[in-house]
Amino acid sequence: MTVISMTVNGKQVSGEVESRTLLVQFLRETLRLTGTHVGCDTSQCGCCVVHVDGRSIKSCTALAVACDGSNVTTIEGLAQGDKLHPMQEAFRENHGLQCGFCTPGMIMTAVDIVQRKGTHLDEHTIREELEGNICRCTGYHNIVKAIAAGAEVMGSQK
């Protein structure tokens, strides 16, 4: 067992893990942050996307020990108290979810897209960037609409 420490959603945390423990397991099972979902265990669906040191990763393929000392943001860390992050609000307003299972990963990916590509995103770019995220319920139309709307709001808040 190895003791690891990291900052998760702005709070310093530590825990004892086996060397094979995945980051998603550490977040869900040790820290009880269950907003990050496990959908496939093969890094294909994107339900487990979190930000590590400002970049999105699929936490089902990252070892927790490899994230020792990192700054991790999960879906629970986006909102500011009761005020939703603009991307969360955009998903709510634009009906960018159905069952909601993929939504945390979609939102975390969307925030990363905006951070990398800017706030004026066209449909083609959004769809291309979502390639690693699977929604089994929708045709992605409202997800794309939500990301574009969220990006615009994020841009206006800078």
# chains A, B, ... in the order shown; residues from 1 in each chain; ligands from 1
>>> residues_around(residues="A:Glu18", least_positions_apart="2", cutoff="6 Å", atoms="only C-alpha atoms", output="VMD selection string")
chain A and resid 1 20 to 21
>>> residues_around(residues="A:Ser59", least_positions_apart="5", cutoff="8 Å", atoms="only C-alpha atoms", output="list in words")
Leu22, Leu23, Val24, Cys48, Val49 and Val50 of chain A
>>> write_last_selection(atoms="C-alpha atoms", output="PDB file, in the first residue's frame")
ATOM      1  CA  LEU A  22      -7.323   3.673 -10.566  1.00  0.00           C
ATOM      2  CA  LEU A  23      -7.965   7.372 -10.009  1.00  0.00           C
ATOM      3  CA  VAL A  24     -11.696   6.837 -10.567  1.00  0.00           C
ATOM      4  CA  CYS A  48     -15.039   9.238 -15.986  1.00  0.00           C
ATOM      5  CA  VAL A  49     -13.444  12.469 -17.290  1.00  0.00           C
ATOM      6  CA  VAL A  50     -11.888  14.686 -14.617  1.00  0.00           C
TER       7      VAL A  50
END
>>> closest_residue(among="A:Thr34, A:Asp68, A:Gln157, A:Glu129", to="A:Glu16", atoms="only C-alpha atoms")
A:Asp68
>>> closest_residue(among="A:Arg116, A:His124, A:Arg136, A:His51", to="A:Gln98", atoms="only C-alpha atoms")
A:Arg136
>>> residues_around(residues="A:Ala110", least_positions_apart="5", cutoff="10 Å", atoms="only C-alpha atoms", output="PyMOL selection string")
chain A and resi 56+87-88+104-105+115-116+126+129-130+143-144+146-148+150-151
>>> residues_around(residues="stretch 36-43 of chain A", least_positions_apart="5", cutoff="12 Å", atoms="only C-alpha atoms", output="MDAnalysis selection string")
chainID A and resid 22:29 31 48:51 57:62 72:77 100:108 131:136
>>> write_last_selection(atoms="N, CA and C atoms", output="compact mmCIF listing (two decimals), in the first residue's frame")
# COMPACT_ATOMS: atom_id res chain seq x y z
N LEU A 22 -7.08 2.64 -9.56
CA LEU A 22 -7.32 3.67 -10.57
C LEU A 22 -7.79 4.96 -9.90
N LEU A 23 -7.53 6.08 -10.55
CA LEU A 23 -7.97 7.37 -10.01
C LEU A 23 -9.47 7.39 -9.79
N VAL A 24 -10.24 6.85 -10.72
CA VAL A 24 -11.70 6.84 -10.57
C VAL A 24 -12.11 6.05 -9.32
N GLN A 25 -11.40 4.97 -9.01
CA GLN A 25 -11.71 4.20 -7.81
C GLN A 25 -11.38 5.01 -6.56
N PHE A 26 -10.24 5.69 -6.57
CA PHE A 26 -9.86 6.52 -5.42
C PHE A 26 -10.90 7.61 -5.19
N LEU A 27 -11.33 8.27 -6.26
CA LEU A 27 -12.31 9.34 -6.13
C LEU A 27 -13.65 8.82 -5.61
N ARG A 28 -14.14 7.75 -6.20
CA ARG A 28 -15.46 7.22 -5.86
C ARG A 28 -15.47 6.45 -4.54
N GLU A 29 -14.52 5.57 -4.36
CA GLU A 29 -14.55 4.65 -3.22
C GLU A 29 -13.89 5.20 -1.97
N LEU A 31 -12.80 8.69 -1.55
CA LEU A 31 -13.25 10.06 -1.26
C LEU A 31 -14.76 10.22 -1.33
N CYS A 48 -15.93 9.07 -17.14
CA CYS A 48 -15.04 9.24 -15.99
C CYS A 48 -14.12 10.45 -16.11
N VAL A 49 -14.36 11.35 -17.06
CA VAL A 49 -13.44 12.47 -17.29
C VAL A 49 -13.40 13.40 -16.08
N VAL A 50 -12.17 13.70 -15.66
CA VAL A 50 -11.89 14.69 -14.62
C VAL A 50 -10.74 15.55 -15.14
N HIS A 51 -10.43 16.61 -14.44
CA HIS A 51 -9.28 17.44 -14.80
C HIS A 51 -8.15 17.18 -13.81
N ILE A 57 -8.65 14.17 -18.35
CA ILE A 57 -8.17 12.81 -18.54
C ILE A 57 -9.32 11.86 -18.23
N LYS A 58 -9.20 10.66 -18.72
CA LYS A 58 -10.15 9.61 -18.37
C LYS A 58 -9.61 8.91 -17.14
N SER A 59 -10.29 9.10 -16.03
CA SER A 59 -9.77 8.63 -14.75
C SER A 59 -9.84 7.11 -14.59
N CYS A 60 -10.48 6.43 -15.54
CA CYS A 60 -10.52 4.96 -15.47
C CYS A 60 -9.24 4.34 -16.00
N THR A 61 -8.36 5.15 -16.59
CA THR A 61 -7.09 4.62 -17.09
C THR A 61 -5.89 5.27 -16.42
N ALA A 62 -6.13 6.11 -15.43
CA ALA A 62 -5.04 6.76 -14.71
C ALA A 62 -4.89 6.10 -13.35
N VAL A 72 -6.68 17.90 -8.75
CA VAL A 72 -7.75 17.20 -9.46
C VAL A 72 -9.07 17.95 -9.27
N THR A 73 -9.79 18.12 -10.36
CA THR A 73 -11.13 18.71 -10.29
C THR A 73 -12.11 17.69 -10.85
N THR A 74 -13.15 17.43 -10.06
CA THR A 74 -14.22 16.54 -10.50
C THR A 74 -15.47 17.39 -10.77
N ILE A 75 -16.51 16.76 -11.24
CA ILE A 75 -17.76 17.48 -11.50
C ILE A 75 -18.26 18.19 -10.24
N GLU A 76 -18.00 17.60 -9.08
CA GLU A 76 -18.44 18.22 -7.82
C GLU A 76 -17.70 19.52 -7.53
N GLY A 77 -16.55 19.71 -8.15
CA GLY A 77 -15.74 20.89 -7.89
C GLY A 77 -15.98 22.04 -8.84
N GLY A 100 -28.55 11.22 -17.81
CA GLY A 100 -27.58 11.92 -16.97
C GLY A 100 -26.32 11.15 -16.67
N PHE A 101 -26.23 9.89 -17.09
CA PHE A 101 -25.06 9.10 -16.74
C PHE A 101 -23.77 9.64 -17.36
N CYS A 102 -23.83 10.05 -18.62
CA CYS A 102 -22.63 10.57 -19.29
C CYS A 102 -22.38 12.04 -18.98
N THR A 103 -23.35 12.71 -18.40
CA THR A 103 -23.30 14.17 -18.26
C THR A 103 -22.08 14.69 -17.51
N PRO A 104 -21.67 14.12 -16.37
CA PRO A 104 -20.47 14.66 -15.71
C PRO A 104 -19.24 14.64 -16.62
N GLY A 105 -19.03 13.54 -17.32
CA GLY A 105 -17.89 13.45 -18.23
C GLY A 105 -18.02 14.40 -19.41
N MET A 106 -19.23 14.56 -19.92
CA MET A 106 -19.48 15.50 -21.01
C MET A 106 -19.15 16.93 -20.57
N ILE A 107 -19.61 17.29 -19.39
CA ILE A 107 -19.39 18.66 -18.89
C ILE A 107 -17.90 18.90 -18.64
N MET A 108 -17.23 17.94 -18.03
CA MET A 108 -15.80 18.11 -17.78
C MET A 108 -15.03 18.21 -19.10
N GLU A 131 -15.47 13.28 -29.51
CA GLU A 131 -15.27 11.95 -30.06
C GLU A 131 -15.03 10.88 -28.98
N GLY A 132 -14.41 11.21 -27.89
CA GLY A 132 -14.12 10.25 -26.83
C GLY A 132 -15.19 10.15 -25.76
N ASN A 133 -16.34 10.76 -25.99
CA ASN A 133 -17.44 10.72 -25.03
C ASN A 133 -18.67 10.13 -25.70
N ILE A 134 -19.25 9.14 -25.07
CA ILE A 134 -20.41 8.47 -25.64
C ILE A 134 -21.65 8.74 -24.80
N CYS A 135 -22.72 9.14 -25.49
CA CYS A 135 -24.03 9.25 -24.88
C CYS A 135 -24.91 8.21 -25.55
N ARG A 136 -25.50 7.36 -24.76
CA ARG A 136 -26.31 6.29 -25.32
C ARG A 136 -27.78 6.69 -25.47
>>> select_by_dssp(residues="stretch 32-85 of chain A", states="strand (DSSP E)", output="PyMOL selection string")
chain A and resi 49-52+55-58+71-73
>>> select_by_dssp(residues="stretch 1-109 of chain A", states="helix (DSSP H, G or I)", output="JSON, numbers by chain")
{"A": [23, 24, 25, 26, 27, 28, 29, 30, 64, 65, 66, 67, 75, 76, 77, 86, 87, 88, 89, 90, 91, 92, 93, 103, 104, 105, 106, 107, 108, 109]}
>>> atom_distance(atom1="atom CA of A:Gln12", atom2="atom CA of A:Asn71")
9.0 Å
>>> atom_distance(atom1="atom CA of A:His95", atom2="atom CA of A:Gln80")
21.2 Å
>>> closest_residue(among="A:Cys45, A:Val65, A:Gly35, A:Ile113", to="A:Ser19", atoms="only C-alpha atoms")
A:Val65
>>> atom_distance(atom1="atom CA of A:Thr119", atom2="atom CA of A:Gly155")
5.3 Å
>>> closest_residue(among="A:Ala64, A:Val111, A:Glu128, A:Cys137", to="A:Val3", atoms="only C-alpha atoms")
A:Ala64
>>> closest_residue(among="A:Cys99, A:Arg32, A:Leu63, A:Asp122", to="A:Thr2", atoms="only C-alpha atoms")
A:Leu63
>>> closest_residue(among="A:Thr7, A:Ser70, A:Thr125, A:Asn142", to="A:Leu97", atoms="only C-alpha atoms")
A:Asn142
>>> decode(residues="stretch 20-52 of chain A", atoms="C-alpha atoms", output="PDB file, in the first residue's frame")
ATOM      1  CA  ARG A  20      -3.078  -0.730  -9.141  1.00  0.00           C
ATOM      2  CA  THR A  21      -5.871   1.538  -7.825  1.00  0.00           C
ATOM      3  CA  LEU A  22      -7.323   3.673 -10.566  1.00  0.00           C
ATOM      4  CA  LEU A  23      -7.965   7.372 -10.009  1.00  0.00           C
ATOM      5  CA  VAL A  24     -11.696   6.837 -10.567  1.00  0.00           C
ATOM      6  CA  GLN A  25     -11.708   4.201  -7.807  1.00  0.00           C
ATOM      7  CA  PHE A  26      -9.862   6.517  -5.424  1.00  0.00           C
ATOM      8  CA  LEU A  27     -12.315   9.343  -6.130  1.00  0.00           C
ATOM      9  CA  ARG A  28     -15.457   7.219  -5.857  1.00  0.00           C
ATOM     10  CA  GLU A  29     -14.553   4.648  -3.225  1.00  0.00           C
ATOM     11  CA  THR A  30     -12.097   6.442  -0.962  1.00  0.00           C
ATOM     12  CA  LEU A  31     -13.246  10.055  -1.261  1.00  0.00           C
ATOM     13  CA  ARG A  32     -16.936   9.219  -1.955  1.00  0.00           C
ATOM     14  CA  LEU A  33     -17.055  11.659  -4.880  1.00  0.00           C
ATOM     15  CA  THR A  34     -19.501   9.645  -6.951  1.00  0.00           C
ATOM     16  CA  GLY A  35     -20.239  12.230  -9.634  1.00  0.00           C
ATOM     17  CA  THR A  36     -17.419  10.761 -11.705  1.00  0.00           C
ATOM     18  CA  HIS A  37     -18.946   7.689 -13.328  1.00  0.00           C
ATOM     19  CA  VAL A  38     -17.541   4.404 -14.577  1.00  0.00           C
ATOM     20  CA  GLY A  39     -19.187   3.427 -17.827  1.00  0.00           C
ATOM     21  CA  CYS A  40     -16.909   1.063 -19.711  1.00  0.00           C
ATOM     22  CA  ASP A  41     -13.598   0.405 -17.896  1.00  0.00           C
ATOM     23  CA  THR A  42     -11.867   0.620 -21.286  1.00  0.00           C
ATOM     24  CA  SER A  43     -11.395   4.378 -21.764  1.00  0.00           C
ATOM     25  CA  GLN A  44     -13.937   4.582 -24.560  1.00  0.00           C
ATOM     26  CA  CYS A  45     -17.049   6.215 -23.095  1.00  0.00           C
ATOM     27  CA  GLY A  46     -15.711   9.310 -21.294  1.00  0.00           C
ATOM     28  CA  CYS A  47     -18.064   9.066 -18.279  1.00  0.00           C
ATOM     29  CA  CYS A  48     -15.039   9.238 -15.986  1.00  0.00           C
ATOM     30  CA  VAL A  49     -13.444  12.469 -17.290  1.00  0.00           C
ATOM     31  CA  VAL A  50     -11.888  14.686 -14.617  1.00  0.00           C
ATOM     32  CA  HIS A  51      -9.280  17.436 -14.801  1.00  0.00           C
ATOM     33  CA  VAL A  52      -5.789  16.715 -13.507  1.00  0.00           C
TER      34      VAL A  52
END
